[in-house]
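Notes for the one structure printed next.
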Amino acid sequence: MKLIYGNLFHPDSYKNPDGTPAGLKPSALVITTNGFVKTSGAAVMGRGCAKAAADFNPRLPLALGNAIKSAGNIVQQIGVLSDLYRIVAFPVKPVSALCLPDKSNVVKHMQSRMTPGKMVPGWACIADIKLIEYSANRLRDLAYEKDWIDIVLPRPGCGYGELSWSNVFPVLNSILDDSFYSITY
């Protein structure tokens, strides 16, 4: 896996670590997701790159919600962005989880609202490294199956998922080859 910098949704902004243009024309842009679908049928895409994707294409929350209802909280193509790039959902959080006694599986800004022993919606959970590992394997398999090259993904679970990149990178790097690019904004 290679590292680049720029805005996930603007490939012309992609730069290599040395500052030179990356020159990528990605086959797919990956957005991290949480698997939670509202009663309206739209997926929760309220923070991070999911929110940026929803702001860029307001049809994505409903498309993702439909995809989750149809196939589950898995890596899957959910649409295209501005008719240019495939958008692929990459789950980093569960649909829901039982709140632990110490609330350590709940994002910091939501801990005061959660009760140990009660269910926590996926969007309020800490990202799950095992789910990220599973998603990375599925993304790799899907990319090979579809003959995608130059797949760009954010640092999964490292923003509002509250995981450390130093813990996530080795997992991803052991699964994803040099046709995958992790982008930092």
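Chain lettering (A, B, ...) mirrors the order of the structure tokens, residue numbering begins at 1 for each chain separately, and ligand numbering begins at 1 in order of display.
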**Report entry** Distance query A:Asn137 at most 12 Å, only C-alpha atoms, self and fewer than 2 positions along chain excluded, as a PyMOL selection string
**Finding:** chain A and resi 74-75+90-91+130-135+139-144+171-177
Could you please take those selected residues and save N, CA and C atoms as an mmCIF file, in the first residue's frame?
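New file part.cif:
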data_model
loop_
_atom_site.group_PDB
_atom_site.id
_atom_site.type_symbol
_atom_site.label_atom_id
_atom_site.label_comp_id
_atom_site.auth_asym_id
_atom_site.auth_seq_id
_atom_site.Cartn_x
_atom_site.Cartn_y
_atom_site.Cartn_z
ATOM 1 N N ILE A 74 -21.024 -4.700 4.576
ATOM 2 C CA ILE A 74 -19.846 -5.276 3.939
ATOM 3 C C ILE A 74 -19.242 -4.288 2.944
ATOM 4 N N VAL A 75 -18.020 -4.575 2.525
ATOM 5 C CA VAL A 75 -17.411 -3.801 1.445
ATOM 6 C C VAL A 75 -18.229 -4.053 0.189
ATOM 7 N N PHE A 90 -16.626 0.880 2.952
ATOM 8 C CA PHE A 90 -15.623 0.122 3.698
ATOM 9 C C PHE A 90 -15.999 0.189 5.178
ATOM 10 N N PRO A 91 -16.714 -0.813 5.679
ATOM 11 C CA PRO A 91 -17.122 -0.773 7.086
ATOM 12 C C PRO A 91 -15.935 -0.765 8.050
ATOM 13 N N LYS A 130 -10.657 -5.532 13.880
ATOM 14 C CA LYS A 130 -10.965 -6.816 13.217
ATOM 15 C C LYS A 130 -11.890 -6.591 12.017
ATOM 16 N N LEU A 131 -12.836 -5.674 12.148
ATOM 17 C CA LEU A 131 -13.716 -5.341 11.027
ATOM 18 C C LEU A 131 -12.921 -4.652 9.924
ATOM 19 N N ILE A 132 -11.979 -3.816 10.296
ATOM 20 C CA ILE A 132 -11.116 -3.156 9.306
ATOM 21 C C ILE A 132 -10.291 -4.205 8.564
ATOM 22 N N GLU A 133 -9.758 -5.168 9.277
ATOM 23 C CA GLU A 133 -8.992 -6.241 8.642
ATOM 24 C C GLU A 133 -9.876 -7.033 7.675
ATOM 25 N N TYR A 134 -11.081 -7.381 8.109
ATOM 26 C CA TYR A 134 -12.026 -8.097 7.244
ATOM 27 C C TYR A 134 -12.361 -7.250 6.017
ATOM 28 N N SER A 135 -12.635 -5.976 6.221
ATOM 29 C CA SER A 135 -12.978 -5.076 5.109
ATOM 30 C C SER A 135 -11.816 -4.943 4.133
ATOM 31 N N LEU A 139 -12.036 -5.773 0.284
ATOM 32 C CA LEU A 139 -11.714 -4.744 -0.707
ATOM 33 C C LEU A 139 -10.683 -5.265 -1.699
ATOM 34 N N ARG A 140 -9.641 -5.916 -1.198
ATOM 35 C CA ARG A 140 -8.622 -6.496 -2.074
ATOM 36 C C ARG A 140 -9.257 -7.494 -3.048
ATOM 37 N N ASP A 141 -10.089 -8.382 -2.538
ATOM 38 C CA ASP A 141 -10.729 -9.392 -3.388
ATOM 39 C C ASP A 141 -11.656 -8.754 -4.426
ATOM 40 N N LEU A 142 -12.414 -7.754 -4.015
ATOM 41 C CA LEU A 142 -13.321 -7.065 -4.936
ATOM 42 C C LEU A 142 -12.540 -6.332 -6.018
ATOM 43 N N ALA A 143 -11.453 -5.680 -5.645
ATOM 44 C CA ALA A 143 -10.623 -4.964 -6.625
ATOM 45 C C ALA A 143 -10.042 -5.922 -7.656
ATOM 46 N N TYR A 144 -9.569 -7.067 -7.216
ATOM 47 C CA TYR A 144 -9.029 -8.056 -8.156
ATOM 48 C C TYR A 144 -10.125 -8.609 -9.045
ATOM 49 N N VAL A 171 -1.819 -3.490 9.698
ATOM 50 C CA VAL A 171 -2.877 -4.424 9.294
ATOM 51 C C VAL A 171 -3.186 -4.246 7.812
ATOM 52 N N LEU A 172 -3.392 -3.007 7.400
ATOM 53 C CA LEU A 172 -3.705 -2.738 5.991
ATOM 54 C C LEU A 172 -2.540 -3.095 5.082
ATOM 55 N N ASN A 173 -1.356 -2.717 5.488
ATOM 56 C CA ASN A 173 -0.174 -2.923 4.654
ATOM 57 C C ASN A 173 0.116 -4.404 4.418
ATOM 58 N N SER A 174 -0.310 -5.263 5.340
ATOM 59 C CA SER A 174 -0.102 -6.702 5.169
ATOM 60 C C SER A 174 -1.113 -7.316 4.194
ATOM 61 N N ILE A 175 -2.166 -6.570 3.859
ATOM 62 C CA ILE A 175 -3.245 -7.081 3.003
ATOM 63 C C ILE A 175 -3.271 -6.400 1.641
ATOM 64 N N LEU A 176 -3.082 -5.088 1.616
ATOM 65 C CA LEU A 176 -3.254 -4.292 0.401
ATOM 66 C C LEU A 176 -1.913 -4.024 -0.269
ATOM 67 N N ASP A 177 -1.849 -4.285 -1.575
ATOM 68 C CA ASP A 177 -0.603 -4.101 -2.319
ATOM 69 C C ASP A 177 -0.484 -2.671 -2.848
#
Report task. Give me the residues within 9 Å of stretch 25-31 of chain A as a ChimeraX atom specification, counting only C-alpha atoms and dropping any in the same chain fewer than 3 places off. Result -> /A:8-9,11-12,49-50,53,77,80-81,84-91,143,147-154,156
Query - A:Lys15 surroundings by only C-alpha atoms, 8 Å radius, close-in-sequence under 6 positions cut, as a ChimeraX atom specification - result: /A:4-6,21-23
Write out the residues from the selection above, keeping C-alpha atoms, as an mmCIF file, in the first residue's frame.
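Contents of part_26.cif, freshly written:
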data_model
loop_
_atom_site.group_PDB
_atom_site.id
_atom_site.type_symbol
_atom_site.label_atom_id
_atom_site.label_comp_id
_atom_site.auth_asym_id
_atom_site.auth_seq_id
_atom_site.Cartn_x
_atom_site.Cartn_y
_atom_site.Cartn_z
ATOM 1 C CA ILE A 4 -0.552 9.942 -0.616
ATOM 2 C CA TYR A 5 -1.926 13.312 0.495
ATOM 3 C CA GLY A 6 -4.850 15.367 -0.782
ATOM 4 C CA PRO A 21 1.709 15.149 -8.071
ATOM 5 C CA ALA A 22 0.583 11.528 -7.724
ATOM 6 C CA GLY A 23 -1.018 11.524 -11.192
#
Requested in this report: Could you give me, as number ranges by chain, the residues within 12 Å of stretch 93-96 of chain A, counting only C-alpha atoms and dropping anything in the same chain fewer than 5 positions from it?
Outcome: A: 32-38, 43-44, 65, 68-69, 72-75, 105-107, 118-135, 156-158, 160-163
Go ahead and write the selection's residues with C-alpha atoms as an mmCIF file, in the first residue's frame.
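Result file again_4.cif:
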data_model
loop_
_atom_site.group_PDB
_atom_site.id
_atom_site.type_symbol
_atom_site.label_atom_id
_atom_site.label_comp_id
_atom_site.auth_asym_id
_atom_site.auth_seq_id
_atom_site.Cartn_x
_atom_site.Cartn_y
_atom_site.Cartn_z
ATOM 1 C CA THR A 32 -15.426 4.405 5.622
ATOM 2 C CA THR A 33 -18.858 3.507 6.975
ATOM 3 C CA ASN A 34 -20.595 2.381 10.159
ATOM 4 C CA GLY A 35 -23.450 0.138 8.959
ATOM 5 C CA PHE A 36 -26.217 2.024 10.773
ATOM 6 C CA VAL A 37 -29.372 2.708 8.708
ATOM 7 C CA LYS A 38 -31.977 5.230 9.883
ATOM 8 C CA ALA A 43 -27.293 5.345 6.165
ATOM 9 C CA VAL A 44 -25.767 7.527 8.861
ATOM 10 C CA GLY A 65 -28.654 2.471 3.260
ATOM 11 C CA ILE A 68 -26.616 -2.285 3.652
ATOM 12 C CA LYS A 69 -30.236 -3.450 3.834
ATOM 13 C CA GLY A 72 -25.299 -6.206 4.851
ATOM 14 C CA ASN A 73 -22.515 -4.148 6.400
ATOM 15 C CA ILE A 74 -19.846 -5.276 3.939
ATOM 16 C CA VAL A 75 -17.411 -3.801 1.445
ATOM 17 C CA ASN A 105 -16.046 0.889 22.858
ATOM 18 C CA VAL A 106 -17.906 4.226 22.562
ATOM 19 C CA VAL A 107 -16.425 7.325 20.924
ATOM 20 C CA LYS A 118 -27.359 -1.184 26.454
ATOM 21 C CA MET A 119 -26.928 -1.248 22.682
ATOM 22 C CA VAL A 120 -24.854 1.486 21.065
ATOM 23 C CA PRO A 121 -25.573 2.451 17.425
ATOM 24 C CA GLY A 122 -22.626 1.812 15.115
ATOM 25 C CA TRP A 123 -21.988 5.483 14.464
ATOM 26 C CA ALA A 124 -21.267 5.946 18.197
ATOM 27 C CA CYS A 125 -18.860 2.993 18.422
ATOM 28 C CA ILE A 126 -15.081 3.046 18.318
ATOM 29 C CA ALA A 127 -13.852 1.556 15.028
ATOM 30 C CA ASP A 128 -13.121 -2.176 15.180
ATOM 31 C CA ILE A 129 -9.668 -3.294 13.990
ATOM 32 C CA LYS A 130 -10.965 -6.816 13.217
ATOM 33 C CA LEU A 131 -13.716 -5.341 11.027
ATOM 34 C CA ILE A 132 -11.116 -3.156 9.306
ATOM 35 C CA GLU A 133 -8.992 -6.241 8.642
ATOM 36 C CA TYR A 134 -12.026 -8.097 7.244
ATOM 37 C CA SER A 135 -12.978 -5.076 5.109
ATOM 38 C CA PRO A 156 -9.810 3.618 8.064
ATOM 39 C CA GLY A 157 -11.016 4.117 11.612
ATOM 40 C CA CYS A 158 -8.431 6.788 12.402
ATOM 41 C CA TYR A 160 -13.909 9.666 14.145
ATOM 42 C CA GLY A 161 -13.284 5.957 14.707
ATOM 43 C CA GLU A 162 -10.622 7.016 17.224
ATOM 44 C CA LEU A 163 -8.022 4.365 16.303
#
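Among the residues of stretch 113-142 of chain A, backbone DSSP assigns alpha helix (DSSP H) to Ile129, Lys130, Leu131, Ile132, Glu133, Tyr134, Ser135, Ala136, Asn137, Arg138, Leu139, Arg140, Asp141 and Leu142 of chain A.
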Export, as a compact mmCIF listing (two decimals), in the first residue's frame, the selected residues with C-alpha atoms.
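Output contents, as saved in selection26.txt:
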# COMPACT_ATOMS: atom_id res chain seq x y z
CA ILE A 129 -9.67 -3.29 13.99
CA LYS A 130 -10.97 -6.82 13.22
CA LEU A 131 -13.72 -5.34 11.03
CA ILE A 132 -11.12 -3.16 9.31
CA GLU A 133 -8.99 -6.24 8.64
CA TYR A 134 -12.03 -8.10 7.24
CA SER A 135 -12.98 -5.08 5.11
CA ALA A 136 -9.42 -4.77 3.75
CA ASN A 137 -9.46 -8.42 2.67
CA ARG A 138 -12.85 -7.97 1.00
CA LEU A 139 -11.71 -4.74 -0.71
CA ARG A 140 -8.62 -6.50 -2.07
CA ASP A 141 -10.73 -9.39 -3.39
CA LEU A 142 -13.32 -7.06 -4.94
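Among the residues of stretch 43-173 of chain A, backbone DSSP assigns strand (DSSP E) to Gln76, Gln77, Ile78, Gly79, Val80, Leu81, Tyr85, Arg86, Ile87, Val88, Ala89, Phe90, Pro91, Ser96, Ala97, Leu98, Met119, Val120, Pro121, Ile151, Val152 and Leu153 of chain A.
When only C-alpha atoms are used to measure the gap to A:Gly41, the shortest distance among A:Glu145, A:Asp55, A:Leu62, A:Gly79 belongs to A:Leu62.
In this structure, atom CA of A:Thr20 sits 26.4 Å away from atom CA of A:Ser164.
Proximity ranking of A:Leu64, A:Leu100, A:Phe169, A:Gly159 relative to A:Arg47 places A:Gly159 first, based on only C-alpha atoms.
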Query raised in the report: Interatomic distance between atom CA of A:Gln111 and atom CA of A:Ala97?
Result: 13.3 Å
Requested in this report: Skip A:Lys2 itself and residues of its chain fewer than 6 positions away, then list as a ChimeraX atom specification all residues within 9 Å of it, counting only C-alpha atoms.
Outcome: /A:16,173,177-183
